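Novice: My questions all concern the structure below.
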Amino acid sequence: MQLPKLLRTSSFRLTLLYAGLTGASFLLLFGVVFWSTTRFMDRQIDITVASELSEIEADAQDGDLEHLRGIVQGMIGRVPGYYYLLQDATGKVLAGNLSAIDPLPGVREWPGSAKHPKHPFSGLRGRGVLLASGAYLFVGLSAHQLHEMREMVAGSFLSGLGLAILLALGGGAAMSLGVLRKIEAVSQTSRDIVGGDLQRRIPVRGSGDEFDHLATSLNVMLDRIQTLMEGLRQVSTDIAHDLRTPLTRLRQRLELAQRRGGDERAFDVVLEATLRDIDTILETFGALLRIAQIESGARKAGFAMLDLGELLHTVIEVYQSALEEKGQTLGTNIGADLRVRGDRELLTQLFANLMENAIRHCPAGAHVEVSAHRHGARVEVAVADNGPGIPAELRPKVLQRFFRLETSRTTPGNGLGLSLVAAVAALHETQIELVDNAPGLRAVVDLPGATA
Amino acid sequence: MRILLVEDDAESANYVLQGLQEAGHNVVIVRDGRDGLFQAAGQEWDLLIVDRMLPGLDGLGMVRTLRGGGIETPVLFLTTLGGIDDRVNGLNAGADDYLVKPFAFSELAARVAALGRRPRRAAQDTRLKVADLEMDLLARTVRRGSQPIELQPREFLLLECLMRHAEQVVTRTMLLEQVWDFHFDPHTNVVESHISRLRGKIDKGHSIGLIHTVRGAGYCLRATA
């Protein structure tokens with residue numbers, strides 16, 4: 001992998017940003033620690049020096065300058081790091097281990113570094129007082145320790161900062177490489193698929209991370225696309241096979257009529273039959289298109305809350321008279337609270353098709369029962385009849401396009417009704433179940449119910 | 001009726017033109033959406049028949065523009081787009097009816113006739129009357145002569161639909177759409193059985209039948225045979 005590619009990755013840019021932020025927060029933290037340490041130590045020195053001064057003053061109480069000189073003299077060298085100075089009003093050093101300084105009262109500090117401790121005043125902090133006699137007394141404490149600590153803190157912070165930035169950059173580079181590799185796997189797969197290998201899927205490593213989630217979602221999408229493409233291929237094959245027959249028949253009839261000739265009435269009969277055949281073919285086309293459209297899933301956008309009970313009552317009402325005309329009886333058992341999320345028009349057609357199948361394939365005297373009930377979160381609708389039914393081994397096949405039972409060849413229909421039912425069910429993320437009603441057929445659709 | 005037909009396919013246009021002229025309508029054809037828009041906006045028409053897919057400006061855009069400009073001439077969409085969404089989109093754009101190609105001419109003729117009458121049949125009509133058949137839309141009652149007729153709610157709707165289009169042919173598809181909100185073609189003869197039931201209630205025992213079957217087209221409610 002070339003370097004520029006790595007540098008262009010978003011994760012590496014993120015790393016850079018992260019490193020910058022780390023550095024900035026390190027510096028901020030350093031500043032705060034440094035400042036508060038220094039202040040704390042300064043205060044410690046000030047307190048120590050002040051108590052030393054007051055001790056000396058207490059000792060020299062009421063004594064003259066000479067007495068004070070003796071005390072100061074006695075202090076020198078007792079504790080290393082302590083410095084004393086007593087000078088008179090003219091600035092002459094009377095006692096102490098420091099050279100003469102300007103007699104300024106209060107806290108005084110000579111900055112210095114731990115590296116140059118030679119200079120007597122370097123790194124000294126103390127307090128001076130002007131005595132009544134005009135003399136000046138100063139007590140100081142070497143701040144070398146403080147400086148050493150400061151430098152140590154600064155040093156460790158700086159090296160820590162360097163290390164942190166290095167780690168962030170290194171980790172970022174490693175992470176970017178890893179991400180790049182995973183993304184490369186995805187792009188390689190998509191290139192393979194574009195290249196024609198539709199079976200290819202993005203490898204899922206099983207770690208359960210977001211890349212796995214992405215890979216899984218993309219794979220599901222690819223599966224869906226493949227299913228759709230296969231569906232499309234299936235439809236074209238179906239059309240080619242199943243429309244050939246009626247078109248051939250049509251052509252033969254027209255050719256025969258042309259050969260035979262005849263009067264206007266004879267032609268009229270042929271024309272009428274021809275129109276009827278063409279309408280049937282067009283209707284089949286329409287049904288195929290509708291199934292394809294439903295299978296594409298685009299209708300999902302139109303889903304809404306609807307009352308399945310009301311919808312079923314409408315469907316039943318539409319078919320009731322046709323059913324009675326055929327000498328069949330109808331029973332309904334529709335429960336309450338049948339609200340579902342779905343497409344009204346398509347669900348209407350689903351149940352209309354089931355009703356129609358029952359009416360069409362059952363003899364006179366048969367009984368059709370429509371029932372719908374809520375079972376927890378699901379709504380189950382069943383259209384059952386006591387007609388001839390479908391043999392168990394053929395039940396899955398009747399959902400396929402153009403499949404028709406031999407026994408139903410004589411009744412009108414294009415073999416697409418149940419395919420459409422299956423497609424609508426699939427759109428609603430469920431399926432149509434065909435079970436034995438002993439005797440007859442029971443078609444069950446289990447829809448996800450909507451909660452209030 | 002003065003009808004503007006906006007259709008780019010010459011053969012289709014000719015088919016519609018011939019049929020409508022035979023039915024006594026005065027038809028003008030334009031070939032693209034832009035011309036259609038100018039014509040529709042510039043003159044008085046009784047009906048616009050518009051193809052969905054047109055060069056220049058598509059049918060949907062054309063109708064939307066017309067409606068946006070306050071022109072309320074009835075519009076019938078003709079289209080090969082048979083999808084459910086396409087129908088909904090077409091009606092949302094402001095069309096009054098929608099017919100998917102290929103169609104039987106009788107279907108188009110019936111819908112053209114129905115749209116043409118629409119403005120005169122105001123929605124606020126509370127009573128409909130054909131011969132001695134009377135319908136009170138407020139009280140939801142029907143009587144023939146002096147004899148009241150009991151109807152189921154859906155039978156009432158079916159009769160209302162026929163009475164609103166009295167003297168005109170109403171097709172099976174139109175009834176399925178308007179009475180039951182069915183936008184697909186059931187193979188079972190559901191409309192036939194509902195009509196025969198209604199006929200049983202309306203015409204039984206009367207010397208003159210009002211509900212007529214028009215072969216190959218649909219049904220018609222009229223006083224004369």
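Letters for chains follow the order of the structure tokens (A, B, ...), residue numbers begin at 1 for each chain, and ligand numbers begin at 1 in the order shown.
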Given a cut-off of 10 Å, which residues of chain B touch chain A, counting only C-alpha atoms, written out as a PyMOL selection string?

Specialist: chain B and resi 82-85+101-104+154+176+179-197

Novice: Which polymer residues have any atom within 10 Å of an atom of Ser146 (chain B), counting only C-alpha atoms, with same-chain residues fewer than 3 positions away left out, as a list in words?

Specialist: Asp132, Leu133, Glu134, Arg143 and Ile149 of chain B

Novice: Those residues you just picked out, can you put them in a file as a tab-separated table (two decimals), in the first residue's frame with N, CA and C atoms?

Specialist:
```tsv
chain	number	residue	atom	x	y	z
B	132	ASP	N	-89.53	7.04	-12.79
B	132	ASP	CA	-90.25	7.08	-11.52
B	132	ASP	C	-89.40	6.59	-10.36
B	133	LEU	N	-88.09	6.45	-10.61
B	133	LEU	CA	-87.15	6.02	-9.56
B	133	LEU	C	-86.55	7.26	-8.90
B	134	GLU	N	-86.70	7.34	-7.58
B	134	GLU	CA	-86.20	8.51	-6.87
B	134	GLU	C	-85.25	8.11	-5.76
B	143	ARG	N	-87.16	5.16	-3.66
B	143	ARG	CA	-88.50	4.68	-3.92
B	143	ARG	C	-88.72	4.63	-5.42
B	149	ILE	N	-88.04	1.23	-1.51
B	149	ILE	CA	-87.18	0.07	-1.78
B	149	ILE	C	-86.06	0.02	-0.73
```

Novice: To one decimal in Å, tell me the separation between CA of Val130 (chain B) and CA of Thr73 (chain B).

Specialist: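 Result for CA of Val130 (chain B) versus CA of Thr73 (chain B): 27.1 Å, one decimal.
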
Novice: Let's see if you can do this: from backbone DSSP, list all strand (DSSP E) residues in region 21-110 of chain B, as a PyMOL selection string.

Specialist: chain B and resi 26-30+47-51+75-79+97-100

Novice: Could you save the residues just selected, with C-alpha atoms, as a PDB file, in the first residue's frame?

Specialist:
```pdb
ATOM      1  CA  ASN B  26     -65.260  17.353 -31.696  1.00  0.00           C
ATOM      2  CA  VAL B  27     -61.626  16.328 -31.215  1.00  0.00           C
ATOM      3  CA  VAL B  28     -58.376  18.245 -31.687  1.00  0.00           C
ATOM      4  CA  ILE B  29     -55.052  16.412 -31.476  1.00  0.00           C
ATOM      5  CA  VAL B  30     -51.722  17.866 -30.366  1.00  0.00           C
ATOM      6  CA  LEU B  47     -62.367  17.549 -21.664  1.00  0.00           C
ATOM      7  CA  LEU B  48     -58.632  16.932 -21.977  1.00  0.00           C
ATOM      8  CA  ILE B  49     -57.396  13.426 -22.748  1.00  0.00           C
ATOM      9  CA  VAL B  50     -53.692  13.359 -21.934  1.00  0.00           C
ATOM     10  CA  ASP B  51     -51.073  10.681 -22.420  1.00  0.00           C
ATOM     11  CA  VAL B  75     -58.624  15.590 -17.414  1.00  0.00           C
ATOM     12  CA  LEU B  76     -58.493  11.914 -18.314  1.00  0.00           C
ATOM     13  CA  PHE B  77     -55.046  10.310 -18.284  1.00  0.00           C
ATOM     14  CA  LEU B  78     -54.200   7.623 -20.782  1.00  0.00           C
ATOM     15  CA  THR B  79     -51.158   5.578 -20.049  1.00  0.00           C
ATOM     16  CA  ASP B  97     -59.788   9.788 -14.215  1.00  0.00           C
ATOM     17  CA  TYR B  98     -57.172   7.383 -15.344  1.00  0.00           C
ATOM     18  CA  LEU B  99     -57.257   4.704 -18.016  1.00  0.00           C
ATOM     19  CA  VAL B 100     -54.516   2.183 -18.666  1.00  0.00           C
TER      20      VAL B 100
END
```

Novice: Set the distance at 10 Å and use only C-alpha atoms: which residues neighbour region 148-153 of chain A once local chain neighbours fewer than 3 positions away are removed? I'd like the list as number ranges by chain.

Specialist: A: 30, 33-35, 37-38, 41, 113-115, 143-145, 156-158

Novice: Using DSSP on the backbone, list every residue of region 7-123 of chain B that comes out as alpha helix (DSSP H), and give them as a PyMOL selection string.

Specialist: chain B and resi 10-22+33-42+59-68+84-92+105-117

Novice: Considering only C-alpha atoms, state which residue in the set A:Ser217, A:Val444, A:Gly74, A:Glu230 is at the smallest distance from Phe351 (chain A).

Specialist: A:Val444

Novice: With a distance cut-off of 7 Å and only C-alpha atoms, select the neighbouring residues of Asn97 (chain A), excluding the residue or stretch itself and same-chain residues fewer than 2 positions from it, and output the selection as number ranges by chain.

Specialist: A: 76, 83-85, 99

Novice: Using CA of Pro80 (chain A) and CA of Ala132 (chain A) as the two end points, give the distance in Å to one decimal.

Specialist: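 Atom-to-atom, CA of Pro80 (chain A) to CA of Ala132 (chain A), that is 29.1 Å.
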
Novice: Could you list, as a compact mmCIF listing (two decimals) with C-alpha atoms, in the first residue's frame, every residue within 12 Å of Phe211 (chain A), counting only C-alpha atoms and ignoring same-chain residues fewer than 4 positions away?

Specialist:
```txt
# COMPACT_ATOMS: atom_id res chain seq x y z
CA GLY A 178 -6.52 -2.24 8.96
CA VAL A 179 -9.55 -0.22 7.89
CA LEU A 180 -8.11 0.20 4.42
CA ARG A 181 -7.61 -3.53 4.16
CA LYS A 182 -11.21 -4.24 5.21
CA ILE A 183 -12.56 -1.60 2.84
CA GLU A 184 -10.35 -2.95 0.11
CA ALA A 185 -12.03 -6.34 0.65
CA VAL A 186 -15.43 -4.69 0.17
CA ILE A 202 -18.12 -9.81 1.31
CA PRO A 203 -16.21 -11.93 3.83
CA VAL A 204 -17.61 -11.68 7.35
CA ARG A 205 -14.83 -12.22 9.89
CA GLY A 206 -17.13 -13.08 12.75
CA SER A 207 -15.75 -10.49 15.16
CA ALA A 215 -20.59 -6.66 5.46
CA THR A 216 -23.69 -8.52 6.62
CA SER A 217 -26.05 -5.72 5.54
CA LEU A 218 -24.33 -5.45 2.17
CA ASN A 219 -24.51 -9.21 1.72
```

Novice: Can you pull out every residue within 9 Å of region 421-435 of chain A, counting only C-alpha atoms, but drop anything in the same chain fewer than 2 positions away, and send it as a ChimeraX atom specification?

Specialist: /A:291-292,294-297,299-300,341-343,346-347,349-351,353-354,389-390,392,395-396,399-400,416-419,437-438,440-448
